[in-house]
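Pasting work01.txt here (compact mmCIF, N, CA and C atoms):
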# COMPACT_ATOMS: atom_id res chain seq x y z
N MET A 1 -12.09 -28.66 15.37
CA MET A 1 -12.01 -27.34 14.77
C MET A 1 -10.64 -26.75 15.08
N GLY A 2 -10.02 -26.09 14.09
CA GLY A 2 -8.69 -25.53 14.26
C GLY A 2 -8.71 -24.29 15.13
N GLY A 3 -7.54 -23.90 15.60
CA GLY A 3 -7.42 -22.70 16.41
C GLY A 3 -7.39 -21.46 15.55
N MET A 4 -7.34 -20.32 16.19
CA MET A 4 -7.33 -19.04 15.48
C MET A 4 -6.14 -18.93 14.53
N SER A 5 -5.00 -19.54 14.89
CA SER A 5 -3.83 -19.44 14.02
C SER A 5 -4.06 -20.14 12.68
N ASP A 6 -5.01 -21.09 12.63
CA ASP A 6 -5.35 -21.73 11.37
C ASP A 6 -6.19 -20.81 10.49
N VAL A 7 -6.89 -19.86 11.12
CA VAL A 7 -7.84 -19.00 10.43
C VAL A 7 -7.22 -17.66 10.07
N PHE A 8 -6.38 -17.15 10.95
CA PHE A 8 -5.83 -15.79 10.79
C PHE A 8 -4.31 -15.83 10.92
N THR A 9 -3.62 -15.32 9.91
CA THR A 9 -2.16 -15.25 9.93
C THR A 9 -1.76 -13.85 9.47
N THR A 10 -0.75 -13.29 10.11
CA THR A 10 -0.34 -11.94 9.75
C THR A 10 1.18 -11.82 9.74
N ARG A 11 1.67 -10.91 8.91
CA ARG A 11 3.11 -10.67 8.81
C ARG A 11 3.31 -9.20 8.43
N VAL A 12 4.42 -8.62 8.88
CA VAL A 12 4.75 -7.23 8.53
C VAL A 12 5.92 -7.22 7.55
N LEU A 13 5.71 -6.53 6.43
CA LEU A 13 6.79 -6.31 5.46
C LEU A 13 7.46 -4.97 5.78
N ASN A 14 8.76 -4.93 5.63
CA ASN A 14 9.49 -3.66 5.69
C ASN A 14 9.82 -3.27 4.25
N VAL A 15 9.33 -2.11 3.84
CA VAL A 15 9.50 -1.67 2.46
C VAL A 15 10.28 -0.36 2.46
N ARG A 16 11.38 -0.34 1.73
CA ARG A 16 12.19 0.88 1.60
C ARG A 16 11.68 1.67 0.39
N THR A 17 11.13 2.85 0.64
CA THR A 17 10.62 3.69 -0.44
C THR A 17 11.60 4.80 -0.80
N GLY A 18 12.57 5.07 0.06
CA GLY A 18 13.58 6.06 -0.24
C GLY A 18 13.08 7.48 -0.09
N SER A 19 13.75 8.41 -0.74
CA SER A 19 13.44 9.83 -0.57
C SER A 19 12.76 10.44 -1.79
N THR A 20 12.12 9.59 -2.61
CA THR A 20 11.34 10.08 -3.74
C THR A 20 9.92 9.54 -3.64
N GLU A 21 8.99 10.19 -4.30
CA GLU A 21 7.62 9.69 -4.35
C GLU A 21 7.62 8.40 -5.15
N ARG A 22 6.95 7.38 -4.63
CA ARG A 22 7.03 6.08 -5.29
C ARG A 22 5.72 5.32 -5.23
N VAL A 23 5.53 4.50 -6.25
CA VAL A 23 4.51 3.46 -6.25
C VAL A 23 5.31 2.16 -6.28
N VAL A 24 5.20 1.35 -5.21
CA VAL A 24 6.00 0.14 -5.08
C VAL A 24 5.09 -1.07 -5.22
N ASP A 25 5.36 -1.90 -6.21
CA ASP A 25 4.58 -3.11 -6.44
C ASP A 25 4.96 -4.15 -5.39
N ILE A 26 4.00 -4.54 -4.55
CA ILE A 26 4.25 -5.53 -3.51
C ILE A 26 3.48 -6.82 -3.77
N THR A 27 3.02 -7.01 -5.01
CA THR A 27 2.25 -8.20 -5.35
C THR A 27 3.04 -9.47 -5.07
N GLY A 28 4.31 -9.50 -5.44
CA GLY A 28 5.15 -10.67 -5.20
C GLY A 28 5.26 -11.00 -3.73
N ASP A 29 5.38 -9.97 -2.89
CA ASP A 29 5.44 -10.18 -1.44
C ASP A 29 4.11 -10.76 -0.93
N CYS A 30 2.99 -10.26 -1.46
CA CYS A 30 1.68 -10.78 -1.08
C CYS A 30 1.56 -12.25 -1.47
N GLU A 31 1.97 -12.58 -2.68
CA GLU A 31 1.89 -13.96 -3.16
C GLU A 31 2.78 -14.88 -2.34
N SER A 32 3.97 -14.43 -1.99
CA SER A 32 4.88 -15.22 -1.17
C SER A 32 4.27 -15.50 0.20
N PHE A 33 3.70 -14.48 0.81
CA PHE A 33 3.03 -14.63 2.10
C PHE A 33 1.89 -15.64 2.00
N LEU A 34 1.09 -15.56 0.93
CA LEU A 34 -0.06 -16.44 0.79
C LEU A 34 0.34 -17.90 0.55
N ARG A 35 1.46 -18.14 -0.11
CA ARG A 35 1.92 -19.52 -0.31
C ARG A 35 2.04 -20.23 1.04
N GLU A 36 2.53 -19.49 2.02
CA GLU A 36 2.70 -20.05 3.37
C GLU A 36 1.42 -19.96 4.19
N ALA A 37 0.82 -18.78 4.24
CA ALA A 37 -0.31 -18.52 5.14
C ALA A 37 -1.61 -19.17 4.67
N ALA A 38 -1.89 -19.11 3.39
CA ALA A 38 -3.15 -19.65 2.89
C ALA A 38 -3.06 -21.15 2.63
N ALA A 39 -1.87 -21.60 2.23
CA ALA A 39 -1.64 -23.03 2.00
C ALA A 39 -2.76 -23.66 1.16
N GLY A 40 -3.11 -23.02 0.07
CA GLY A 40 -4.09 -23.56 -0.85
C GLY A 40 -5.54 -23.29 -0.50
N ARG A 41 -5.79 -22.57 0.58
CA ARG A 41 -7.17 -22.31 1.03
C ARG A 41 -7.74 -21.04 0.41
N ASP A 42 -9.05 -20.92 0.48
CA ASP A 42 -9.77 -19.70 0.10
C ASP A 42 -9.84 -18.77 1.30
N GLY A 43 -9.93 -17.48 1.04
CA GLY A 43 -10.07 -16.51 2.13
C GLY A 43 -9.91 -15.10 1.62
N LEU A 44 -9.45 -14.24 2.51
CA LEU A 44 -9.25 -12.83 2.19
C LEU A 44 -7.86 -12.40 2.64
N LEU A 45 -7.22 -11.59 1.82
CA LEU A 45 -5.97 -10.95 2.18
C LEU A 45 -6.26 -9.49 2.45
N ASN A 46 -5.91 -9.04 3.65
CA ASN A 46 -6.00 -7.62 3.96
C ASN A 46 -4.58 -7.06 3.94
N VAL A 47 -4.41 -5.96 3.23
CA VAL A 47 -3.13 -5.27 3.13
C VAL A 47 -3.34 -3.91 3.78
N PHE A 48 -2.52 -3.59 4.80
CA PHE A 48 -2.71 -2.37 5.57
C PHE A 48 -1.37 -1.69 5.81
N VAL A 49 -1.32 -0.39 5.57
CA VAL A 49 -0.11 0.39 5.84
C VAL A 49 -0.40 1.31 7.03
N PRO A 50 0.27 1.08 8.18
CA PRO A 50 -0.02 1.86 9.39
C PRO A 50 0.74 3.19 9.42
N HIS A 51 0.54 3.98 8.38
CA HIS A 51 1.20 5.29 8.29
C HIS A 51 0.17 6.33 7.87
N ALA A 52 0.31 7.55 8.37
CA ALA A 52 -0.63 8.63 8.06
C ALA A 52 -0.37 9.28 6.71
N THR A 53 0.67 8.82 5.99
CA THR A 53 1.05 9.49 4.75
C THR A 53 1.34 8.50 3.62
N ALA A 54 0.65 7.36 3.62
CA ALA A 54 0.84 6.37 2.55
C ALA A 54 -0.47 5.64 2.34
N GLY A 55 -0.58 4.97 1.19
CA GLY A 55 -1.81 4.24 0.89
C GLY A 55 -1.51 2.97 0.12
N ILE A 56 -2.57 2.18 -0.08
CA ILE A 56 -2.51 0.94 -0.85
C ILE A 56 -3.43 1.09 -2.06
N ALA A 57 -2.92 0.79 -3.23
CA ALA A 57 -3.72 0.88 -4.45
C ALA A 57 -3.59 -0.43 -5.24
N VAL A 58 -4.65 -0.78 -5.94
CA VAL A 58 -4.62 -1.90 -6.87
C VAL A 58 -4.70 -1.28 -8.26
N LEU A 59 -3.60 -1.40 -9.01
CA LEU A 59 -3.55 -0.78 -10.33
C LEU A 59 -2.52 -1.48 -11.21
N GLU A 60 -2.58 -1.15 -12.47
CA GLU A 60 -1.60 -1.67 -13.43
C GLU A 60 -0.28 -0.93 -13.21
N THR A 61 0.83 -1.67 -13.28
CA THR A 61 2.14 -1.04 -13.17
C THR A 61 2.96 -1.37 -14.41
N GLY A 62 4.01 -0.60 -14.63
CA GLY A 62 4.93 -0.89 -15.71
C GLY A 62 4.53 -0.33 -17.07
N ALA A 63 3.29 0.15 -17.21
CA ALA A 63 2.86 0.72 -18.48
C ALA A 63 2.60 2.21 -18.36
N GLY A 64 3.07 2.80 -17.25
CA GLY A 64 2.91 4.23 -17.06
C GLY A 64 1.83 4.61 -16.07
N SER A 65 0.96 3.69 -15.69
CA SER A 65 -0.13 4.03 -14.78
C SER A 65 0.37 4.44 -13.40
N ASP A 66 1.49 3.85 -12.97
CA ASP A 66 2.03 4.22 -11.67
C ASP A 66 2.50 5.68 -11.69
N ASP A 67 3.19 6.09 -12.76
CA ASP A 67 3.60 7.50 -12.90
C ASP A 67 2.40 8.40 -13.10
N ASP A 68 1.38 7.91 -13.83
CA ASP A 68 0.15 8.69 -14.02
C ASP A 68 -0.54 8.94 -12.68
N LEU A 69 -0.54 7.94 -11.81
CA LEU A 69 -1.14 8.11 -10.49
C LEU A 69 -0.41 9.20 -9.71
N LEU A 70 0.91 9.15 -9.71
CA LEU A 70 1.67 10.20 -8.99
C LEU A 70 1.40 11.57 -9.59
N ALA A 71 1.29 11.66 -10.91
CA ALA A 71 1.00 12.94 -11.57
C ALA A 71 -0.40 13.43 -11.19
N ALA A 72 -1.38 12.52 -11.15
CA ALA A 72 -2.75 12.89 -10.77
C ALA A 72 -2.78 13.37 -9.32
N LEU A 73 -2.03 12.70 -8.46
CA LEU A 73 -1.97 13.13 -7.06
C LEU A 73 -1.34 14.51 -6.94
N HIS A 74 -0.35 14.84 -7.79
CA HIS A 74 0.24 16.18 -7.79
C HIS A 74 -0.78 17.22 -8.21
N THR A 75 -1.65 16.87 -9.15
CA THR A 75 -2.70 17.79 -9.59
C THR A 75 -3.72 18.01 -8.48
N LEU A 76 -4.14 16.92 -7.84
CA LEU A 76 -5.15 17.01 -6.79
C LEU A 76 -4.58 17.56 -5.48
N LEU A 77 -3.33 17.20 -5.19
CA LEU A 77 -2.69 17.57 -3.93
C LEU A 77 -1.33 18.21 -4.21
N PRO A 78 -1.32 19.46 -4.65
CA PRO A 78 -0.04 20.11 -4.98
C PRO A 78 0.88 20.22 -3.77
N ALA A 79 2.17 20.07 -4.00
CA ALA A 79 3.17 20.19 -2.94
C ALA A 79 3.54 21.65 -2.76
N ASP A 80 2.62 22.44 -2.24
CA ASP A 80 2.88 23.86 -2.02
C ASP A 80 2.52 24.24 -0.59
N ASP A 81 2.38 25.53 -0.32
CA ASP A 81 2.19 25.98 1.06
C ASP A 81 0.73 26.18 1.45
N ARG A 82 -0.20 25.60 0.70
CA ARG A 82 -1.63 25.79 1.01
C ARG A 82 -2.10 24.98 2.22
N TRP A 83 -1.33 24.01 2.66
CA TRP A 83 -1.76 23.05 3.67
C TRP A 83 -1.56 23.59 5.08
N GLN A 84 -2.54 23.38 5.94
CA GLN A 84 -2.44 23.81 7.33
C GLN A 84 -1.48 22.94 8.13
N HIS A 85 -1.36 21.69 7.74
CA HIS A 85 -0.41 20.77 8.39
C HIS A 85 0.97 21.13 7.85
N ARG A 86 1.83 21.73 8.69
CA ARG A 86 3.08 22.33 8.19
C ARG A 86 4.31 21.86 8.95
N HIS A 87 4.76 20.67 8.71
CA HIS A 87 6.07 20.26 9.21
C HIS A 87 6.72 19.45 8.10
N GLY A 88 8.00 19.18 8.23
CA GLY A 88 8.67 18.39 7.20
C GLY A 88 8.97 19.20 5.95
N SER A 89 9.08 18.49 4.84
CA SER A 89 9.40 19.12 3.55
C SER A 89 8.30 20.09 3.14
N PRO A 90 8.63 21.08 2.30
CA PRO A 90 7.60 22.00 1.80
C PRO A 90 6.47 21.22 1.12
N GLY A 91 5.23 21.55 1.48
CA GLY A 91 4.08 20.88 0.90
C GLY A 91 3.75 19.54 1.53
N HIS A 92 4.44 19.16 2.61
CA HIS A 92 4.24 17.86 3.24
C HIS A 92 2.81 17.65 3.74
N GLY A 93 2.09 18.73 3.99
CA GLY A 93 0.69 18.60 4.42
C GLY A 93 -0.14 17.78 3.45
N ARG A 94 0.20 17.83 2.17
CA ARG A 94 -0.52 17.05 1.15
C ARG A 94 -0.42 15.56 1.43
N ASP A 95 0.74 15.13 1.97
CA ASP A 95 0.95 13.71 2.23
C ASP A 95 -0.04 13.18 3.27
N HIS A 96 -0.47 14.07 4.17
CA HIS A 96 -1.42 13.67 5.21
C HIS A 96 -2.85 13.60 4.69
N VAL A 97 -3.11 14.16 3.52
CA VAL A 97 -4.42 14.09 2.90
C VAL A 97 -4.50 12.86 1.97
N LEU A 98 -3.36 12.38 1.52
CA LEU A 98 -3.30 11.24 0.60
C LEU A 98 -4.18 10.06 1.00
N PRO A 99 -4.16 9.59 2.28
CA PRO A 99 -4.95 8.40 2.61
C PRO A 99 -6.46 8.56 2.43
N ALA A 100 -6.95 9.80 2.31
CA ALA A 100 -8.37 9.99 2.01
C ALA A 100 -8.68 9.65 0.56
N LEU A 101 -7.65 9.73 -0.31
CA LEU A 101 -7.82 9.43 -1.73
C LEU A 101 -7.28 8.05 -2.12
N VAL A 102 -6.17 7.67 -1.51
CA VAL A 102 -5.58 6.34 -1.69
C VAL A 102 -5.61 5.71 -0.31
N PRO A 103 -6.63 4.90 -0.01
CA PRO A 103 -6.82 4.41 1.35
C PRO A 103 -5.63 3.58 1.84
N PRO A 104 -5.45 3.52 3.15
CA PRO A 104 -4.30 2.80 3.70
C PRO A 104 -4.51 1.28 3.76
N HIS A 105 -5.50 0.78 3.03
CA HIS A 105 -5.79 -0.65 3.10
C HIS A 105 -6.48 -1.14 1.83
N ALA A 106 -6.42 -2.45 1.62
CA ALA A 106 -7.18 -3.11 0.57
C ALA A 106 -7.47 -4.53 1.06
N THR A 107 -8.65 -5.04 0.76
CA THR A 107 -9.00 -6.42 1.08
C THR A 107 -9.28 -7.13 -0.23
N LEU A 108 -8.57 -8.23 -0.45
CA LEU A 108 -8.57 -8.90 -1.75
C LEU A 108 -8.94 -10.37 -1.60
N PRO A 109 -9.67 -10.93 -2.59
CA PRO A 109 -10.04 -12.34 -2.51
C PRO A 109 -8.86 -13.26 -2.79
N VAL A 110 -8.85 -14.37 -2.08
CA VAL A 110 -7.84 -15.41 -2.25
C VAL A 110 -8.58 -16.70 -2.56
N LEU A 111 -8.28 -17.30 -3.71
CA LEU A 111 -8.91 -18.56 -4.11
C LEU A 111 -7.83 -19.60 -4.33
N GLY A 112 -7.98 -20.74 -3.67
CA GLY A 112 -6.99 -21.80 -3.81
C GLY A 112 -5.60 -21.35 -3.39
N GLY A 113 -5.53 -20.42 -2.44
CA GLY A 113 -4.24 -19.96 -1.95
C GLY A 113 -3.58 -18.88 -2.78
N ARG A 114 -4.28 -18.41 -3.83
CA ARG A 114 -3.69 -17.40 -4.72
C ARG A 114 -4.55 -16.15 -4.78
N LEU A 115 -3.88 -15.01 -4.90
CA LEU A 115 -4.60 -13.74 -5.08
C LEU A 115 -5.44 -13.81 -6.34
N GLU A 116 -6.67 -13.38 -6.26
CA GLU A 116 -7.56 -13.38 -7.41
C GLU A 116 -7.58 -11.97 -8.00
N LEU A 117 -6.49 -11.62 -8.68
CA LEU A 117 -6.36 -10.30 -9.31
C LEU A 117 -6.67 -10.41 -10.80
N GLY A 118 -7.08 -9.29 -11.39
CA GLY A 118 -7.24 -9.24 -12.83
C GLY A 118 -5.88 -9.30 -13.52
N THR A 119 -5.89 -9.54 -14.80
CA THR A 119 -4.66 -9.75 -15.57
C THR A 119 -3.61 -8.67 -15.33
N TRP A 120 -4.02 -7.42 -15.32
CA TRP A 120 -3.05 -6.33 -15.23
C TRP A 120 -3.01 -5.67 -13.86
N GLN A 121 -3.68 -6.25 -12.87
CA GLN A 121 -3.74 -5.63 -11.55
C GLN A 121 -2.55 -6.04 -10.69
N SER A 122 -2.01 -5.06 -9.96
CA SER A 122 -0.95 -5.28 -8.99
C SER A 122 -1.34 -4.59 -7.69
N VAL A 123 -0.82 -5.10 -6.58
CA VAL A 123 -1.02 -4.49 -5.27
C VAL A 123 0.17 -3.58 -5.02
N CYS A 124 -0.10 -2.30 -4.76
CA CYS A 124 0.99 -1.32 -4.66
C CYS A 124 0.90 -0.47 -3.40
N LEU A 125 2.06 -0.18 -2.86
CA LEU A 125 2.21 0.81 -1.80
C LEU A 125 2.44 2.16 -2.48
N VAL A 126 1.64 3.15 -2.13
CA VAL A 126 1.77 4.50 -2.70
C VAL A 126 2.30 5.40 -1.60
N ASP A 127 3.48 5.96 -1.82
CA ASP A 127 4.15 6.77 -0.81
C ASP A 127 4.62 8.08 -1.44
N THR A 128 3.98 9.18 -1.05
CA THR A 128 4.38 10.49 -1.54
C THR A 128 5.24 11.25 -0.53
N ASN A 129 5.46 10.65 0.64
CA ASN A 129 6.19 11.32 1.71
C ASN A 129 7.69 11.07 1.57
N LYS A 130 8.40 12.09 1.11
CA LYS A 130 9.85 11.97 0.89
C LYS A 130 10.62 11.95 2.21
N ASP A 131 9.97 12.33 3.31
CA ASP A 131 10.64 12.42 4.61
C ASP A 131 10.70 11.08 5.35
N ASN A 132 9.97 10.07 4.87
CA ASN A 132 9.92 8.78 5.57
C ASN A 132 10.34 7.67 4.60
N PRO A 133 11.61 7.28 4.60
CA PRO A 133 12.11 6.32 3.61
C PRO A 133 11.82 4.85 3.92
N GLU A 134 11.30 4.56 5.11
CA GLU A 134 11.02 3.17 5.50
C GLU A 134 9.54 3.04 5.84
N ARG A 135 8.89 2.03 5.26
CA ARG A 135 7.47 1.81 5.51
C ARG A 135 7.23 0.38 5.97
N LYS A 136 6.18 0.21 6.73
CA LYS A 136 5.73 -1.12 7.13
C LYS A 136 4.40 -1.39 6.45
N VAL A 137 4.20 -2.62 6.00
CA VAL A 137 2.94 -3.03 5.41
C VAL A 137 2.55 -4.33 6.10
N ARG A 138 1.35 -4.35 6.70
CA ARG A 138 0.88 -5.55 7.36
C ARG A 138 0.00 -6.35 6.40
N LEU A 139 0.37 -7.62 6.21
CA LEU A 139 -0.41 -8.55 5.40
C LEU A 139 -1.13 -9.49 6.37
N SER A 140 -2.43 -9.63 6.22
CA SER A 140 -3.20 -10.52 7.09
C SER A 140 -4.08 -11.41 6.22
N PHE A 141 -3.96 -12.72 6.44
CA PHE A 141 -4.81 -13.69 5.72
C PHE A 141 -5.87 -14.22 6.67
N LEU A 142 -7.11 -14.12 6.24
CA LEU A 142 -8.24 -14.69 6.98
C LEU A 142 -8.83 -15.78 6.10
N GLY A 143 -8.73 -17.04 6.56
CA GLY A 143 -9.18 -18.17 5.76
C GLY A 143 -10.29 -18.94 6.42
Whole structure given in structure tokens:
Amino acid sequence: MGGMSDVFTTRVLNVRTGSTERVVDITGDCESFLREAAAGRDGLLNVFVPHATAGIAVLETGAGSDDDLLAALHTLLPADDRWQHRHGSPGHGRDHVLPALVPPHATLPVLGGRLELGTWQSVCLVDTNKDNPERKVRLSFLG
């Protein structure tokens, strides 16, 4: 029987989101990680962002859905002074509520070493916090 390293592999991505609200497609990074970590095996990919103001979403990108998500988040979480959490940019308190709506993790099936996503699905980092331009995303494969 193999050791734990055969079953569980993890890596941290450094993602630059800059000083604007962004939806960053990290599907290619996930696939690259799985080519090495899964090596053709079945299992699960867990994607986790260890930040209090960012989330992971599985959605279509490039056809406007990423901008629609940011617009919907502005409607649900306006960047104004209503928030009790008050440091950073005006309205930054909303960023701390984001992970309740866009969770900081996703667990996805891996078959034959490849992500089993729908045709138009992408794995995305959602970052509304303009004050934190650098993010870490932990990818973990359990096979």
Between atom C of A:Arg22 and atom CA of A:Val97, what distance in Å does the model show, to one decimal?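 Atom C of A:Arg22 sits 15.7 Å away from atom CA of A:Val97.
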Can you check which residues of chain A DSSP gives as helix (DSSP H, G or I) on the backbone and send them as a ChimeraX atom specification? /A:4-7,27-37,65-76,93-101
With N, CA and C atoms retained, write the just-selected residues as a tab-separated table (two decimals), in the coordinates of the input.
chain	number	residue	atom	x	y	z
A	4	MET	N	-7.34	-20.32	16.19
A	4	MET	CA	-7.33	-19.04	15.48
A	4	MET	C	-6.14	-18.93	14.53
A	5	SER	N	-5.00	-19.54	14.89
A	5	SER	CA	-3.83	-19.44	14.02
A	5	SER	C	-4.06	-20.14	12.68
A	6	ASP	N	-5.01	-21.09	12.63
A	6	ASP	CA	-5.35	-21.73	11.37
A	6	ASP	C	-6.19	-20.81	10.49
A	7	VAL	N	-6.89	-19.86	11.12
A	7	VAL	CA	-7.84	-19.00	10.43
A	7	VAL	C	-7.22	-17.66	10.07
A	27	THR	N	3.02	-7.01	-5.01
A	27	THR	CA	2.25	-8.20	-5.35
A	27	THR	C	3.04	-9.47	-5.07
A	28	GLY	N	4.31	-9.50	-5.44
A	28	GLY	CA	5.15	-10.67	-5.20
A	28	GLY	C	5.26	-11.00	-3.73
A	29	ASP	N	5.38	-9.97	-2.89
A	29	ASP	CA	5.44	-10.18	-1.44
A	29	ASP	C	4.11	-10.76	-0.93
A	30	CYS	N	2.99	-10.26	-1.46
A	30	CYS	CA	1.68	-10.78	-1.08
A	30	CYS	C	1.56	-12.25	-1.47
A	31	GLU	N	1.97	-12.58	-2.68
A	31	GLU	CA	1.89	-13.96	-3.16
A	31	GLU	C	2.78	-14.88	-2.34
A	32	SER	N	3.97	-14.43	-1.99
A	32	SER	CA	4.88	-15.22	-1.17
A	32	SER	C	4.27	-15.50	0.20
A	33	PHE	N	3.70	-14.48	0.81
A	33	PHE	CA	3.03	-14.63	2.10
A	33	PHE	C	1.89	-15.64	2.00
A	34	LEU	N	1.09	-15.56	0.93
A	34	LEU	CA	-0.06	-16.44	0.79
A	34	LEU	C	0.34	-17.90	0.55
A	35	ARG	N	1.46	-18.14	-0.11
A	35	ARG	CA	1.92	-19.52	-0.31
A	35	ARG	C	2.04	-20.23	1.04
A	36	GLU	N	2.53	-19.49	2.02
A	36	GLU	CA	2.70	-20.05	3.37
A	36	GLU	C	1.42	-19.96	4.19
A	37	ALA	N	0.82	-18.78	4.24
A	37	ALA	CA	-0.31	-18.52	5.14
A	37	ALA	C	-1.61	-19.17	4.67
A	65	SER	N	0.96	3.69	-15.69
A	65	SER	CA	-0.13	4.03	-14.78
A	65	SER	C	0.37	4.44	-13.40
A	66	ASP	N	1.49	3.85	-12.97
A	66	ASP	CA	2.03	4.22	-11.67
A	66	ASP	C	2.50	5.68	-11.69
A	67	ASP	N	3.19	6.09	-12.76
A	67	ASP	CA	3.60	7.50	-12.90
A	67	ASP	C	2.40	8.40	-13.10
A	68	ASP	N	1.38	7.91	-13.83
A	68	ASP	CA	0.15	8.69	-14.02
A	68	ASP	C	-0.54	8.94	-12.68
A	69	LEU	N	-0.54	7.94	-11.81
A	69	LEU	CA	-1.14	8.11	-10.49
A	69	LEU	C	-0.41	9.20	-9.71
A	70	LEU	N	0.91	9.15	-9.71
A	70	LEU	CA	1.67	10.20	-8.99
A	70	LEU	C	1.40	11.57	-9.59
A	71	ALA	N	1.29	11.66	-10.91
A	71	ALA	CA	1.00	12.94	-11.57
A	71	ALA	C	-0.40	13.43	-11.19
A	72	ALA	N	-1.38	12.52	-11.15
A	72	ALA	CA	-2.75	12.89	-10.77
A	72	ALA	C	-2.78	13.37	-9.32
A	73	LEU	N	-2.03	12.70	-8.46
A	73	LEU	CA	-1.97	13.13	-7.06
A	73	LEU	C	-1.34	14.51	-6.94
A	74	HIS	N	-0.35	14.84	-7.79
A	74	HIS	CA	0.24	16.18	-7.79
A	74	HIS	C	-0.78	17.22	-8.21
A	75	THR	N	-1.65	16.87	-9.15
A	75	THR	CA	-2.70	17.79	-9.59
A	75	THR	C	-3.72	18.01	-8.48
A	76	LEU	N	-4.14	16.92	-7.84
A	76	LEU	CA	-5.15	17.01	-6.79
A	76	LEU	C	-4.58	17.56	-5.48
A	93	GLY	N	2.09	18.73	3.99
A	93	GLY	CA	0.69	18.60	4.42
A	93	GLY	C	-0.14	17.78	3.45
A	94	ARG	N	0.20	17.83	2.17
A	94	ARG	CA	-0.52	17.05	1.15
A	94	ARG	C	-0.42	15.56	1.43
A	95	ASP	N	0.74	15.13	1.97
A	95	ASP	CA	0.95	13.71	2.23
A	95	ASP	C	-0.04	13.18	3.27
A	96	HIS	N	-0.47	14.07	4.17
A	96	HIS	CA	-1.42	13.67	5.21
A	96	HIS	C	-2.85	13.60	4.69
A	97	VAL	N	-3.11	14.16	3.52
A	97	VAL	CA	-4.42	14.09	2.90
A	97	VAL	C	-4.50	12.86	1.97
A	98	LEU	N	-3.36	12.38	1.52
A	98	LEU	CA	-3.30	11.24	0.60
A	98	LEU	C	-4.18	10.06	1.00
A	99	PRO	N	-4.16	9.59	2.28
A	99	PRO	CA	-4.95	8.40	2.61
A	99	PRO	C	-6.46	8.56	2.43
A	100	ALA	N	-6.95	9.80	2.31
A	100	ALA	CA	-8.37	9.99	2.01
A	100	ALA	C	-8.68	9.65	0.56
A	101	LEU	N	-7.65	9.73	-0.31
A	101	LEU	CA	-7.82	9.43	-1.73
A	101	LEU	C	-7.28	8.05	-2.12
Surrounding residues of stretch 106-112 of chain A excluding itself and chain neighbours under 5 positions, 5 Å, all atoms listed in the file, as a list of chain:residue names: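 Selected residues are A:Gly40, A:Arg41, A:Asp42, A:Gly43, A:Leu44, A:Leu45, A:Asn46, A:Val47.
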Take the residues from that selection and put them in a file with N, CA and C atoms, as a short mmCIF file (atom, residue, chain, number, x, y, z; two decimals), in the frame of the given file.
data_model
loop_
_atom_site.label_atom_id
_atom_site.label_comp_id
_atom_site.auth_asym_id
_atom_site.auth_seq_id
_atom_site.Cartn_x
_atom_site.Cartn_y
_atom_site.Cartn_z
N GLY A 40 -3.11 -23.02 0.07
CA GLY A 40 -4.09 -23.56 -0.85
C GLY A 40 -5.54 -23.29 -0.50
N ARG A 41 -5.79 -22.57 0.58
CA ARG A 41 -7.17 -22.31 1.03
C ARG A 41 -7.74 -21.04 0.41
N ASP A 42 -9.05 -20.92 0.48
CA ASP A 42 -9.77 -19.70 0.10
C ASP A 42 -9.84 -18.77 1.30
N GLY A 43 -9.93 -17.48 1.04
CA GLY A 43 -10.07 -16.51 2.13
C GLY A 43 -9.91 -15.10 1.62
N LEU A 44 -9.45 -14.24 2.51
CA LEU A 44 -9.25 -12.83 2.19
C LEU A 44 -7.86 -12.40 2.64
N LEU A 45 -7.22 -11.59 1.82
CA LEU A 45 -5.97 -10.95 2.18
C LEU A 45 -6.26 -9.49 2.45
N ASN A 46 -5.91 -9.04 3.65
CA ASN A 46 -6.00 -7.62 3.96
C ASN A 46 -4.58 -7.06 3.94
N VAL A 47 -4.41 -5.96 3.23
CA VAL A 47 -3.13 -5.27 3.13
C VAL A 47 -3.34 -3.91 3.78
#
6 Å contact set for A:Pro99, only N, CA and C atoms, chain neighbours under 5 positions out, as a PyMOL selection string: chain A and resi 52-55+104
Counting all atoms listed in the file, the option among A:Asp25, A:Asp95, A:Asp80, A:Glu31 closest to A:Leu115: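 The closest residue to A:Leu115 is A:Glu31.
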As a check of understanding: the span from atom CA of A:Gly143 to atom CA of A:Leu34 is 10.5 Å
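Between A:Asp131 and the residues A:Gly91, A:Gly118, A:Gly28, A:Pro78, the shortest atom-to-atom distance, using only C-alpha atoms, involves A:Gly91.
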